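query13.cif, holding mmCIF, C-alpha atoms:
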```cif
data_input
#
loop_
_atom_site.label_atom_id
_atom_site.label_comp_id
_atom_site.auth_asym_id
_atom_site.auth_seq_id
_atom_site.Cartn_x
_atom_site.Cartn_y
_atom_site.Cartn_z
CA MET O 1 51.46 154.97 -11.41
CA ALA O 2 48.06 153.50 -10.88
CA SER O 3 46.64 156.70 -9.42
CA GLU O 4 46.63 158.36 -12.85
CA THR O 5 43.55 157.79 -14.93
CA LYS O 6 43.48 155.64 -18.02
CA PHE O 7 41.80 156.09 -21.31
CA PRO O 8 38.22 154.73 -21.01
CA GLY O 9 37.98 151.37 -22.68
CA ALA O 10 41.71 150.63 -22.49
CA VAL O 11 41.98 149.10 -19.03
CA PRO O 12 39.62 149.44 -16.07
CA ALA O 13 40.06 152.63 -14.10
CA GLY O 14 42.93 152.40 -11.63
CA CYS O 15 44.24 149.11 -12.96
CA LEU O 16 47.83 148.59 -14.02
CA SER O 17 48.80 148.96 -17.63
CA HIS O 18 49.94 145.96 -19.61
CA PHE O 19 53.44 147.36 -19.54
CA ALA O 20 53.42 147.55 -15.75
CA ILE O 21 51.94 144.06 -15.42
CA SER O 22 54.67 142.56 -17.61
CA ARG O 23 57.26 144.42 -15.57
CA VAL O 24 55.94 143.02 -12.29
CA ALA O 25 55.77 139.54 -13.80
CA ALA O 26 59.42 139.66 -14.87
CA GLU O 27 61.02 141.78 -12.14
CA GLY O 28 58.70 141.30 -9.18
CA ILE O 29 56.76 143.84 -7.17
CA ARG O 30 59.87 145.94 -6.42
CA GLY O 31 59.83 147.51 -9.86
CA VAL O 32 56.57 149.43 -9.39
CA SER O 33 55.47 152.32 -7.23
CA ALA O 34 53.92 152.00 -3.78
CA SER O 35 50.48 152.93 -5.08
CA ALA O 36 50.72 150.22 -7.72
CA GLN O 37 51.73 147.72 -5.06
CA GLN O 38 48.70 148.70 -2.98
CA HIS O 39 46.50 148.35 -6.03
CA LEU O 40 47.90 144.91 -6.77
CA GLU O 41 47.05 143.74 -3.28
CA ALA O 42 43.47 144.95 -3.70
CA CYS O 43 42.72 144.17 -7.34
CA GLU O 44 41.98 140.59 -8.20
CA ARG O 45 42.03 141.27 -11.94
CA CYS O 46 45.56 142.71 -11.96
CA ARG O 47 46.84 139.96 -9.65
CA GLY O 48 45.44 137.39 -12.04
CA LEU O 49 47.08 139.03 -15.04
CA VAL O 50 50.42 139.22 -13.26
CA GLY O 51 50.08 135.56 -12.27
CA ASN O 52 49.34 134.51 -15.84
CA GLU O 53 52.22 136.51 -17.22
CA ALA O 54 54.62 135.21 -14.56
CA ALA O 55 53.61 131.63 -15.34
CA ALA O 56 54.29 132.21 -19.05
CA VAL O 57 57.69 133.71 -18.22
CA ARG O 58 58.54 130.74 -15.98
CA ALA O 59 57.57 128.36 -18.78
CA ARG O 60 59.85 130.15 -21.18
CA LEU O 61 62.77 130.18 -18.74
CA GLY O 62 63.36 126.51 -19.43
CA GLN O 63 63.32 126.93 -23.18
CA GLY O 64 66.15 127.77 -25.48
CA LEU O 65 66.26 130.44 -28.11
CA PRO O 66 64.40 129.87 -31.37
CA ALA O 67 66.50 128.68 -34.29
CA ARG O 68 66.77 132.01 -36.09
CA LEU O 69 68.02 133.78 -32.96
CA GLU O 70 70.47 130.96 -32.24
CA THR O 71 71.72 131.28 -35.82
CA ALA O 72 72.11 135.02 -35.42
CA LEU O 73 74.02 134.58 -32.18
CA ALA O 74 76.24 131.88 -33.69
CA ALA O 75 76.96 134.07 -36.73
CA GLY O 76 78.13 136.87 -34.51
CA PRO O 77 77.60 140.56 -34.93
CA ARG O 78 79.30 140.77 -38.31
CA LEU O 79 76.82 138.60 -40.14
CA ARG O 80 73.70 140.68 -40.09
CA PRO O 81 70.52 140.13 -42.00
CA ARG O 82 70.37 142.20 -45.12
CA ARG O 83 68.36 145.35 -44.63
CA PRO O 84 65.44 145.75 -46.96
CA GLY O 85 66.23 148.20 -49.70
CA VAL O 86 63.92 150.72 -51.26
CA PHE O 87 62.06 147.90 -53.00
CA GLY O 88 61.54 146.02 -49.77
CA SER O 89 59.78 148.87 -48.07
CA TRP O 90 56.82 149.08 -50.43
CA PRO O 91 55.44 145.82 -51.80
CA TRP O 92 53.98 147.52 -54.86
CA LEU O 93 57.49 148.53 -55.85
CA GLN O 94 58.52 144.90 -55.99
CA ALA O 95 57.20 144.83 -59.54
CA ALA O 96 59.76 147.46 -60.51
CA ARG O 97 62.44 144.81 -60.14
CA PHE O 98 61.14 143.10 -63.26
CA ILE O 99 61.08 146.21 -65.44
CA PRO O 100 64.74 145.89 -66.50
CA ALA O 101 64.28 142.19 -67.25
CA LEU O 102 61.17 142.81 -69.36
CA GLY O 103 62.22 146.12 -70.84
CA LEU O 104 65.62 145.05 -72.14
CA PRO O 105 64.35 142.45 -74.65
CA VAL O 106 61.65 144.86 -75.83
CA LEU O 107 64.28 147.55 -76.31
CA LEU O 108 66.56 145.20 -78.25
CA VAL O 109 63.71 144.09 -80.52
CA GLY O 110 62.79 147.73 -81.09
CA ILE O 111 66.36 148.61 -82.05
CA ALA O 112 66.56 145.62 -84.41
CA VAL O 113 63.27 146.50 -86.13
CA SER O 114 64.30 150.12 -86.43
CA ALA O 115 67.65 149.14 -87.98
CA TYR O 116 65.95 146.75 -90.39
CA ARG O 117 63.44 149.34 -91.54
CA THR O 118 66.18 151.92 -92.08
CA ARG O 119 67.91 149.58 -94.51
CA LEU O 120 64.81 148.98 -96.63
CA PRO O 121 65.48 149.95 -100.26
CA THR O 122 62.01 151.34 -100.81
CA GLY O 123 59.19 152.62 -98.71
CA ASP O 124 58.32 155.68 -96.73
CA ALA O 125 60.58 154.73 -93.87
CA VAL O 126 63.78 155.55 -95.77
CA GLU O 127 65.64 158.10 -93.75
CA VAL O 128 67.65 160.72 -95.61
CA THR O 129 69.81 163.19 -93.80
CA PRO O 130 68.44 166.65 -94.50
CA LYS O 131 70.74 168.76 -96.60
CA ALA O 132 70.44 172.50 -96.85
CA SER O 133 71.63 172.68 -100.44
CA VAL O 134 68.67 170.70 -101.66
CA GLU O 135 65.40 172.49 -101.38
CA ALA O 136 62.33 173.31 -103.35
CA THR O 137 59.85 176.04 -102.80
CA ARG O 138 56.29 176.04 -103.99
CA THR O 139 55.60 179.44 -105.44
CA LYS O 140 52.09 178.89 -106.63
CA GLY O 141 49.52 176.17 -106.31
CA ALA O 142 47.60 174.56 -103.56
CA THR O 143 49.57 171.56 -102.50
CA GLY O 144 53.12 170.41 -102.21
CA LEU O 145 55.50 168.93 -104.69
CA ALA O 146 57.03 165.50 -104.08
CA LEU O 147 60.30 164.05 -105.23
CA LEU O 148 60.79 160.44 -106.21
CA VAL O 149 64.36 159.40 -105.53
CA GLU O 150 65.96 156.49 -107.32
CA SER O 151 66.80 153.63 -105.04
CA PRO O 152 70.55 152.98 -104.72
CA GLU O 153 70.05 149.22 -104.90
CA ASP O 154 67.34 149.09 -107.54
CA THR O 155 67.43 151.60 -110.41
CA ASN O 156 63.85 150.76 -111.24
CA GLY O 157 62.66 151.51 -107.76
CA PHE O 158 61.90 154.96 -106.47
CA THR O 159 61.19 156.23 -103.03
CA ARG O 160 58.82 159.05 -102.40
CA VAL O 161 60.32 161.58 -100.02
CA ALA O 162 59.41 165.02 -98.88
CA ILE O 163 61.53 167.67 -100.53
CA GLU O 164 63.02 168.86 -97.30
CA HIS O 165 64.12 165.32 -96.55
CA LEU O 166 66.23 164.96 -99.67
CA GLY O 167 69.84 164.82 -98.50
CA GLU O 168 73.37 164.09 -99.55
CA GLU O 169 72.55 160.45 -99.89
CA ALA O 170 70.68 161.33 -103.09
CA ILE O 171 73.80 162.56 -104.92
CA GLY O 172 74.27 160.54 -108.09
CA ARG O 173 70.70 159.33 -108.19
CA ARG O 174 67.89 160.29 -110.48
CA VAL O 175 64.99 162.27 -109.11
CA HIS O 176 61.55 162.47 -110.61
CA VAL O 177 59.15 165.22 -109.77
CA GLN O 178 55.60 164.33 -108.85
CA VAL O 179 52.94 167.00 -108.79
CA PRO O 180 50.02 166.57 -106.46
CA ALA O 181 47.20 166.84 -109.04
CA PRO O 182 47.69 164.48 -111.98
CA GLY O 183 46.53 165.17 -115.54
CA GLY O 184 46.98 168.20 -117.79
CA ARG O 185 50.25 169.43 -119.15
CA VAL O 186 53.54 169.92 -117.39
CA ARG O 187 56.77 171.64 -118.23
CA LEU O 188 60.03 170.93 -116.44
CA GLU O 189 62.77 173.47 -116.82
CA ALA O 190 66.29 173.62 -115.45
CA GLN O 191 68.53 176.64 -115.30
CA GLY O 192 71.29 176.54 -117.87
CA ALA O 193 74.30 178.77 -118.39
CA GLY O 194 73.56 182.38 -117.57
CA SER O 195 69.96 182.99 -116.68
CA THR O 196 68.37 180.94 -119.45
CA TRP O 197 65.96 178.10 -118.73
CA ASP O 198 66.39 174.80 -120.58
CA VAL O 199 63.15 172.98 -121.17
CA LEU O 200 63.72 169.39 -120.14
CA TYR O 201 60.19 168.17 -120.65
CA ASP O 202 57.02 169.71 -121.99
CA GLY O 203 54.10 167.43 -122.52
CA GLU O 204 51.24 165.48 -121.05
CA LEU O 205 51.30 164.40 -117.46
CA GLY O 206 50.45 160.80 -116.70
CA PRO O 207 47.74 159.75 -114.25
CA ASP O 208 50.36 159.14 -111.57
CA GLY O 209 51.42 162.79 -111.68
CA VAL O 210 55.10 161.90 -112.26
CA VAL O 211 57.05 164.01 -114.74
CA PRO O 212 58.66 161.44 -117.08
CA HIS O 213 61.99 163.27 -117.30
CA GLY O 214 64.34 162.70 -114.38
CA LEU O 215 66.90 165.06 -112.88
CA ARG O 216 70.29 163.78 -111.79
CA VAL O 217 71.39 165.03 -108.38
CA THR O 218 74.94 166.30 -108.60
CA ALA O 219 77.47 167.24 -106.01
CA GLY O 220 78.73 170.75 -105.83
CA ASP O 221 76.79 173.77 -106.99
CA LYS O 222 73.04 173.65 -106.90
CA ARG O 223 71.05 173.74 -110.09
CA ALA O 224 67.74 175.54 -110.12
CA PHE O 225 64.69 173.92 -111.64
CA ARG O 226 61.04 174.76 -111.95
CA VAL O 227 57.87 172.87 -112.69
CA ILE O 228 54.86 174.45 -114.33
CA HIS O 229 51.72 172.37 -114.27
CA CYS O 230 48.60 173.49 -116.07
CA ARG O 231 45.31 171.63 -115.92
CA GLY O 232 43.71 173.79 -118.56
CA ASP O 233 44.45 176.52 -121.06
CA ASP O 234 43.76 179.28 -118.61
CA GLU O 235 46.88 180.48 -116.82
CA THR O 236 44.96 180.74 -113.59
CA GLN O 237 44.79 176.96 -113.62
CA CYS O 238 48.61 176.67 -113.59
CA SER O 239 50.77 175.89 -110.57
CA THR O 240 54.44 176.68 -110.44
CA TRP O 241 57.15 175.22 -108.20
CA ALA O 242 60.75 176.25 -108.11
CA GLY O 243 63.63 174.53 -106.40
CA GLU O 244 67.28 173.64 -106.46
CA LEU O 245 69.04 170.35 -106.75
CA MET J 1 75.68 142.68 -24.42
CA SER J 2 77.01 139.13 -24.15
CA ASP J 3 75.27 136.14 -25.68
CA GLU J 4 74.23 134.93 -22.25
CA GLU J 5 72.73 138.30 -21.35
CA PHE J 6 70.85 138.22 -24.62
CA ARG J 7 69.50 134.73 -23.87
CA GLN J 8 68.44 135.79 -20.38
CA LEU J 9 66.70 138.86 -21.78
CA TYR J 10 64.84 136.66 -24.23
CA ARG J 11 63.70 134.23 -21.53
CA LEU J 12 62.46 137.01 -19.27
CA ARG J 13 60.97 139.45 -21.76
CA SER J 14 59.93 137.57 -24.87
CA VAL J 15 56.49 136.76 -23.41
CA ALA J 16 55.74 140.40 -22.67
CA VAL J 17 57.08 141.57 -26.02
CA ALA J 18 55.02 138.98 -27.91
CA ARG J 19 51.89 139.85 -25.93
CA ARG J 20 52.43 143.50 -26.69
CA ALA J 21 52.54 142.70 -30.39
CA ALA J 22 49.51 140.42 -30.11
CA ARG J 23 47.42 143.18 -28.55
CA LEU J 24 48.05 145.28 -31.65
CA VAL J 25 47.91 142.74 -34.47
CA GLY J 26 45.49 140.28 -32.85
CA ASP J 27 47.31 137.21 -34.18
CA PRO J 28 49.50 135.23 -31.73
CA ALA J 29 51.57 133.56 -34.46
CA LEU J 30 52.26 136.86 -36.17
CA ALA J 31 53.01 138.42 -32.80
CA GLU J 32 55.67 135.74 -32.17
CA ASP J 33 57.24 136.58 -35.54
CA LEU J 34 57.28 140.28 -34.71
CA MET J 35 58.77 139.52 -31.30
CA HIS J 36 61.57 137.53 -32.96
CA GLU J 37 62.11 140.38 -35.37
CA ALA J 38 62.46 142.80 -32.48
CA PHE J 39 65.04 140.57 -30.81
CA MET J 40 66.90 140.26 -34.11
CA ALA J 41 66.94 144.06 -34.35
CA LEU J 42 68.32 144.24 -30.81
CA HIS J 43 71.03 141.75 -31.72
CA ARG J 44 71.85 143.83 -34.77
CA VAL J 45 72.19 147.14 -32.92
CA CYS J 46 74.24 145.45 -30.22
CA GLY J 47 76.52 144.12 -32.96
CA GLU J 48 76.91 147.67 -34.20
CA GLY J 49 78.01 148.76 -30.75
CA ARG J 50 74.80 150.68 -29.97
CA VAL J 51 73.60 148.72 -26.95
CA PRO J 52 70.40 150.29 -25.54
CA GLN J 53 70.66 151.49 -21.96
CA ALA J 54 67.33 149.87 -21.09
CA PRO J 55 66.84 146.85 -23.39
CA TYR J 56 63.29 146.00 -22.33
CA PRO J 57 61.73 149.41 -23.06
CA TRP J 58 63.73 149.42 -26.29
CA LEU J 59 62.24 146.06 -27.26
CA TYR J 60 58.77 147.23 -26.24
CA ARG J 61 59.01 150.28 -28.48
CA THR J 62 60.56 148.34 -31.33
CA VAL J 63 57.90 145.67 -31.39
CA THR J 64 55.24 148.39 -31.13
CA ASN J 65 56.55 150.09 -34.24
CA LEU J 66 56.92 146.79 -36.07
CA ALA J 67 53.32 145.91 -35.28
CA LEU J 68 52.02 149.35 -36.27
CA ASN J 69 53.92 149.16 -39.55
CA HIS J 70 52.45 145.75 -40.18
CA ILE J 71 48.92 147.01 -39.57
CA ARG J 72 49.48 149.95 -41.90
CA ASP J 73 50.92 147.79 -44.64
CA THR J 74 48.42 144.95 -44.51
CA ARG J 75 45.32 145.47 -46.55
CA THR J 76 43.51 142.44 -45.15
CA HIS J 77 43.92 143.82 -41.67
CA ALA J 78 42.28 147.08 -42.74
CA LYS J 79 39.34 145.15 -44.22
CA LYS J 80 38.94 143.20 -41.00
CA LEU J 81 38.90 146.40 -39.00
CA ARG J 82 36.31 147.97 -41.29
CA ARG J 83 34.10 144.91 -40.89
CA GLN J 84 34.44 145.02 -37.11
CA ALA J 85 33.66 148.74 -37.10
CA ASP J 86 30.52 148.10 -39.14
CA GLU J 87 29.42 145.43 -36.68
CA VAL J 88 29.98 147.76 -33.73
CA ALA J 89 28.01 150.54 -35.44
CA PHE J 90 25.14 148.12 -36.15
CA GLU J 91 25.05 146.82 -32.60
CA GLN J 92 25.02 150.38 -31.27
CA ALA J 93 22.19 151.34 -33.59
CA GLU J 94 20.18 148.29 -32.54
CA GLY J 95 20.90 148.84 -28.86
CA LEU J 96 22.64 145.49 -28.64
CA LEU J 97 25.91 146.87 -27.35
CA ASP J 98 25.70 147.57 -23.64
CA GLN J 99 29.42 148.12 -23.12
CA PRO J 100 31.91 150.45 -24.77
CA PRO J 101 33.76 148.94 -27.71
CA ASP J 102 37.36 148.00 -27.44
CA ALA J 103 39.71 150.98 -27.30
CA GLY J 104 42.25 148.96 -29.25
CA LEU J 105 39.80 148.56 -32.11
CA PHE J 106 39.07 152.25 -32.08
CA PHE J 107 42.79 152.97 -32.11
CA ALA J 108 43.39 150.64 -35.06
CA GLN J 109 40.64 152.38 -37.01
CA THR J 110 42.33 155.73 -36.54
CA LEU J 111 45.84 154.48 -37.20
CA ARG J 112 46.02 155.53 -40.83
CA ARG J 113 45.07 159.09 -40.00
CA VAL J 114 48.02 159.92 -37.78
CA ASP J 115 51.78 160.11 -38.03
CA PRO J 116 53.77 157.03 -36.94
CA ALA J 117 55.27 158.83 -33.93
CA VAL J 118 51.81 159.99 -32.80
CA ALA J 119 50.38 156.53 -33.36
CA GLU J 120 53.06 154.97 -31.19
CA VAL J 121 52.26 157.25 -28.25
CA ALA J 122 48.52 156.79 -28.74
CA SER J 123 48.92 153.02 -28.75
CA TYR J 124 50.53 153.11 -25.31
CA PHE J 125 47.68 155.22 -24.00
CA LEU J 126 44.75 153.47 -25.65
CA VAL J 127 45.87 149.88 -26.09
CA ASP J 128 48.20 149.40 -23.12
CA GLY J 129 46.33 151.67 -20.75
CA MET J 130 49.56 153.41 -19.78
CA THR J 131 49.52 156.70 -17.97
CA VAL J 132 51.24 159.79 -19.28
CA THR J 133 53.96 159.32 -16.67
CA GLU J 134 54.58 155.75 -17.77
CA ILE J 135 54.71 156.79 -21.41
CA SER J 136 57.13 159.62 -20.72
CA GLU J 137 59.37 157.22 -18.79
CA LEU J 138 59.25 154.67 -21.57
CA LEU J 139 60.06 157.19 -24.28
CA GLY J 140 62.51 159.20 -22.22
CA THR J 141 60.60 162.43 -22.90
CA SER J 142 58.71 164.92 -20.79
CA ARG J 143 55.10 164.56 -19.75
CA ARG J 144 54.37 167.79 -21.59
CA SER J 145 55.70 166.29 -24.81
CA VAL J 146 53.52 163.21 -24.36
CA ASN J 147 50.50 165.41 -23.66
CA ARG J 148 51.11 167.41 -26.82
CA THR J 149 51.41 164.24 -28.89
CA LEU J 150 48.19 162.84 -27.44
CA GLN J 151 46.42 166.10 -28.18
CA LYS J 152 47.53 165.77 -31.79
CA TYR J 153 46.13 162.26 -31.86
CA PHE J 154 42.74 163.28 -30.48
CA ASP J 155 42.53 166.19 -32.90
CA ALA J 156 43.12 163.82 -35.81
CA ALA J 157 40.90 161.03 -34.47
CA GLU J 158 37.86 163.16 -33.64
CA PRO J 159 36.26 162.96 -37.11
CA LEU J 160 36.45 159.18 -36.94
CA VAL J 161 34.68 158.76 -33.65
CA ALA J 162 31.23 158.28 -35.17
CA PRO J 163 31.65 157.41 -38.83
CA HIS J 164 28.10 156.06 -39.09
CA GLY J 165 26.39 158.89 -37.29
CA GLN J 166 26.34 156.87 -34.09
CA SER J 167 28.31 157.35 -30.93
CA SER J 168 31.36 155.12 -30.77
CA GLY J 169 30.83 154.56 -27.06
CA LEU J 170 34.24 156.02 -26.35
CA ASP J 171 34.00 159.30 -24.52
CA LEU J 172 36.87 161.00 -26.28
CA GLU J 173 36.31 164.38 -24.71
CA GLN J 174 36.42 162.83 -21.30
CA GLY J 175 39.42 160.73 -22.24
CA ALA J 176 41.26 163.64 -23.75
CA ALA J 177 40.56 165.78 -20.71
CA ARG J 178 41.65 163.11 -18.29
CA TYR J 179 44.88 161.97 -19.83
CA GLY J 180 46.61 165.11 -18.68
CA GLU J 181 45.84 164.65 -15.01
#
```

Write the structure described by the file as structure tokens, please.
Amino acid sequence: MASETKFPGAVPAGCLSHFAISRVAAEGIRGVSASAQQHLEACERCRGLVGNEAAAVRARLGQGLPARLETALAAGPRLRPRRPGVFGSWPWLQAARFIPALGLPVLLVGIAVSAYRTRLPTGDAVEVTPKASVEATRTKGATGLALLVESPEDTNGFTRVAIEHLGEEAIGRRVHVQVPAPGGRVRLEAQGAGSTWDVLYDGELGPDGVVPHGLRVTAGDKRAFRVIHCRGDDETQCSTWAGEL
Amino acid sequence: MSDEEFRQLYRLRSVAVARRAARLVGDPALAEDLMHEAFMALHRVCGEGRVPQAPYPWLYRTVTNLALNHIRDTRTHAKKLRRQADEVAFEQAEGLLDQPPDAGLFFAQTLRRVDPAVAEVASYFLVDGMTVTEISELLGTSRRSVNRTLQKYFDAAEPLVAPHGQSSGLDLEQGAARYGE
């Protein structure tokens, strides 16, 4: 045992390892090889270490078990300490325990705010279920057409929605058309019986760009409409939108 | 294992187990805690009907792994080691160090670079001064297996020998060549 070399700096060359010294201290010289016994007789350092360790073992022989070990023995094999879970292995994961506690109130508040905003009678946050039967297509002009939908709670209030967001919820309500560039003249036409176009409004457009005449959204068949907005006499300055309600 | 056998094992081996832990963590109070933890683990496995054939080597290995885990997980310990390494490098540069630095300190510096199983074997060789034969007996493996594991350790530790451009004082080549004798 002692004849094999040691790593330099660990223990002096030829000396017993700490493991061997503790073994001799607890079990006596019989537990080690003959070469180790010879070394022990010759080496003052190893003899001293063995003596120190043996004295410490003798001192502990008179002592009882520490409280936690006595408790474990008294509890028996069935009552075992709880093994650390995945959170116990990495201290930085301990914080993850608090995520559910912190996240749940935030989630509830978010749901409440979202529900409250959905119920608002006016404002951009009104959500309307898209409906395929309601659509409008810009055929000419630079920018998009907007629809102002009458609020169900307040007939004087209107909500600005994108055309593609006008849904079944709008049935029975009035809708005003708003063109993107105010001023000039505007003509609102709706398709009547056959292929004729009924002029619903033909006149000046206010500074807000809203066509004064409203369209009532009806259930059932779609009704085509078109908006012609001219900012001057020249036809090249006219924009045309067509859609169905 | 009966309760009385467990008590007797504690009286005879707790000193050695605690000293083993102390050599690695450098703190006697912490070493006592780790020793208690190792005995608690032994009590637990005995309760599960998996009594180790040789309880003392089992305890020795268990407390070794507990201590190595503690060193890996403790940031303050790493800072302390870095500070000590800086001091050693300074003393070497100034010619103040006339003896090789502690192999245990060198081992602790390299601990984060190697696998836990490799670190365990290296700790027996560097910190305990055990021979390959002793390590193979303790682990219940062949000498060849221990040699291979030590070779892995030295391959991984080589870049850390002289982090400041100075010799660490530990002749690794010599050590690596001699461990296989």

Hits from the PyMOL selection byres ((chain J and resi 35) around 10), listed as a PyMOL selection string: chain J and resi 10+13-22+29-34+36-41+59-60+62-64+66-67

Restricting the output to C-alpha atoms, write the selected residues as a PDB file, keeping the file's coordinate frame.
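Writing done, so here's selection.pdb:
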```pdb
ATOM      1  CA  TYR J  10      64.840 136.660 -24.230  1.00  0.00           C
ATOM      2  CA  ARG J  13      60.970 139.450 -21.760  1.00  0.00           C
ATOM      3  CA  SER J  14      59.930 137.570 -24.870  1.00  0.00           C
ATOM      4  CA  VAL J  15      56.490 136.760 -23.410  1.00  0.00           C
ATOM      5  CA  ALA J  16      55.740 140.400 -22.670  1.00  0.00           C
ATOM      6  CA  VAL J  17      57.080 141.570 -26.020  1.00  0.00           C
ATOM      7  CA  ALA J  18      55.020 138.980 -27.910  1.00  0.00           C
ATOM      8  CA  ARG J  19      51.890 139.850 -25.930  1.00  0.00           C
ATOM      9  CA  ARG J  20      52.430 143.500 -26.690  1.00  0.00           C
ATOM     10  CA  ALA J  21      52.540 142.700 -30.390  1.00  0.00           C
ATOM     11  CA  ALA J  22      49.510 140.420 -30.110  1.00  0.00           C
ATOM     12  CA  ALA J  29      51.570 133.560 -34.460  1.00  0.00           C
ATOM     13  CA  LEU J  30      52.260 136.860 -36.170  1.00  0.00           C
ATOM     14  CA  ALA J  31      53.010 138.420 -32.800  1.00  0.00           C
ATOM     15  CA  GLU J  32      55.670 135.740 -32.170  1.00  0.00           C
ATOM     16  CA  ASP J  33      57.240 136.580 -35.540  1.00  0.00           C
ATOM     17  CA  LEU J  34      57.280 140.280 -34.710  1.00  0.00           C
ATOM     18  CA  HIS J  36      61.570 137.530 -32.960  1.00  0.00           C
ATOM     19  CA  GLU J  37      62.110 140.380 -35.370  1.00  0.00           C
ATOM     20  CA  ALA J  38      62.460 142.800 -32.480  1.00  0.00           C
ATOM     21  CA  PHE J  39      65.040 140.570 -30.810  1.00  0.00           C
ATOM     22  CA  MET J  40      66.900 140.260 -34.110  1.00  0.00           C
ATOM     23  CA  ALA J  41      66.940 144.060 -34.350  1.00  0.00           C
ATOM     24  CA  LEU J  59      62.240 146.060 -27.260  1.00  0.00           C
ATOM     25  CA  TYR J  60      58.770 147.230 -26.240  1.00  0.00           C
ATOM     26  CA  THR J  62      60.560 148.340 -31.330  1.00  0.00           C
ATOM     27  CA  VAL J  63      57.900 145.670 -31.390  1.00  0.00           C
ATOM     28  CA  THR J  64      55.240 148.390 -31.130  1.00  0.00           C
ATOM     29  CA  LEU J  66      56.920 146.790 -36.070  1.00  0.00           C
ATOM     30  CA  ALA J  67      53.320 145.910 -35.280  1.00  0.00           C
TER      31      ALA J  67
END
```

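In this model, the gap between atom CA of O:His229 and atom CA of O:Ile171 comes to 25.9 Å.
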
Around (57.4, 130.0, -21.5) in the file's frame, which residues reach within 12 Å when counting all atoms listed in the file? Return as a list in words?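 I get Ala26, Asn52, Glu53, Ala54, Ala55, Ala56, Val57, Arg58, Ala59, Arg60, Leu61, Gly62, Gln63, Gly64 and Leu65 of chain O; Tyr10, Arg11, Leu12, Arg13, Ser14, Val15, Ala16 and Ala18 of chain J for the residues within 12 Å of that point.
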
Would you write out those residues with C-alpha atoms, as a PDB file, in the frame of the given file?
```
ATOM      1  CA  ALA O  26      59.420 139.660 -14.870  1.00  0.00           C
ATOM      2  CA  ASN O  52      49.340 134.510 -15.840  1.00  0.00           C
ATOM      3  CA  GLU O  53      52.220 136.510 -17.220  1.00  0.00           C
ATOM      4  CA  ALA O  54      54.620 135.210 -14.560  1.00  0.00           C
ATOM      5  CA  ALA O  55      53.610 131.630 -15.340  1.00  0.00           C
ATOM      6  CA  ALA O  56      54.290 132.210 -19.050  1.00  0.00           C
ATOM      7  CA  VAL O  57      57.690 133.710 -18.220  1.00  0.00           C
ATOM      8  CA  ARG O  58      58.540 130.740 -15.980  1.00  0.00           C
ATOM      9  CA  ALA O  59      57.570 128.360 -18.780  1.00  0.00           C
ATOM     10  CA  ARG O  60      59.850 130.150 -21.180  1.00  0.00           C
ATOM     11  CA  LEU O  61      62.770 130.180 -18.740  1.00  0.00           C
ATOM     12  CA  GLY O  62      63.360 126.510 -19.430  1.00  0.00           C
ATOM     13  CA  GLN O  63      63.320 126.930 -23.180  1.00  0.00           C
ATOM     14  CA  GLY O  64      66.150 127.770 -25.480  1.00  0.00           C
ATOM     15  CA  LEU O  65      66.260 130.440 -28.110  1.00  0.00           C
TER      16      LEU O  65
ATOM     17  CA  TYR J  10      64.840 136.660 -24.230  1.00  0.00           C
ATOM     18  CA  ARG J  11      63.700 134.230 -21.530  1.00  0.00           C
ATOM     19  CA  LEU J  12      62.460 137.010 -19.270  1.00  0.00           C
ATOM     20  CA  ARG J  13      60.970 139.450 -21.760  1.00  0.00           C
ATOM     21  CA  SER J  14      59.930 137.570 -24.870  1.00  0.00           C
ATOM     22  CA  VAL J  15      56.490 136.760 -23.410  1.00  0.00           C
ATOM     23  CA  ALA J  16      55.740 140.400 -22.670  1.00  0.00           C
ATOM     24  CA  ALA J  18      55.020 138.980 -27.910  1.00  0.00           C
TER      25      ALA J  18
END
```

Report, in Å with one decimal, the straight-line distance from atom CA of O:Asp198 to atom CA of O:Ala181.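 A separation of 23.8 Å between them.
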
I need the residue nearest chain O from this list: J:Ser2, J:Asp27, J:Thr131, J:Tyr56. Use all atoms listed in the file for the distance. J:Thr131

Can you find the residues with an atom no farther than 12 Å from (43.9, 174.7, -113.8), counting all atoms listed in the file, and report them as a VMD selection string? chain O and resid 140 to 142 181 to 186 228 to 240

Could you write those residues out with C-alpha atoms, as an mmCIF file, keeping the file's coordinate frame?
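Saved to again-v1.cif:
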```cif
data_model
loop_
_atom_site.group_PDB
_atom_site.id
_atom_site.type_symbol
_atom_site.label_atom_id
_atom_site.label_comp_id
_atom_site.auth_asym_id
_atom_site.auth_seq_id
_atom_site.Cartn_x
_atom_site.Cartn_y
_atom_site.Cartn_z
ATOM 1 C CA LYS O 140 52.090 178.890 -106.630
ATOM 2 C CA GLY O 141 49.520 176.170 -106.310
ATOM 3 C CA ALA O 142 47.600 174.560 -103.560
ATOM 4 C CA ALA O 181 47.200 166.840 -109.040
ATOM 5 C CA PRO O 182 47.690 164.480 -111.980
ATOM 6 C CA GLY O 183 46.530 165.170 -115.540
ATOM 7 C CA GLY O 184 46.980 168.200 -117.790
ATOM 8 C CA ARG O 185 50.250 169.430 -119.150
ATOM 9 C CA VAL O 186 53.540 169.920 -117.390
ATOM 10 C CA ILE O 228 54.860 174.450 -114.330
ATOM 11 C CA HIS O 229 51.720 172.370 -114.270
ATOM 12 C CA CYS O 230 48.600 173.490 -116.070
ATOM 13 C CA ARG O 231 45.310 171.630 -115.920
ATOM 14 C CA GLY O 232 43.710 173.790 -118.560
ATOM 15 C CA ASP O 233 44.450 176.520 -121.060
ATOM 16 C CA ASP O 234 43.760 179.280 -118.610
ATOM 17 C CA GLU O 235 46.880 180.480 -116.820
ATOM 18 C CA THR O 236 44.960 180.740 -113.590
ATOM 19 C CA GLN O 237 44.790 176.960 -113.620
ATOM 20 C CA CYS O 238 48.610 176.670 -113.590
ATOM 21 C CA SER O 239 50.770 175.890 -110.570
ATOM 22 C CA THR O 240 54.440 176.680 -110.440
#
```
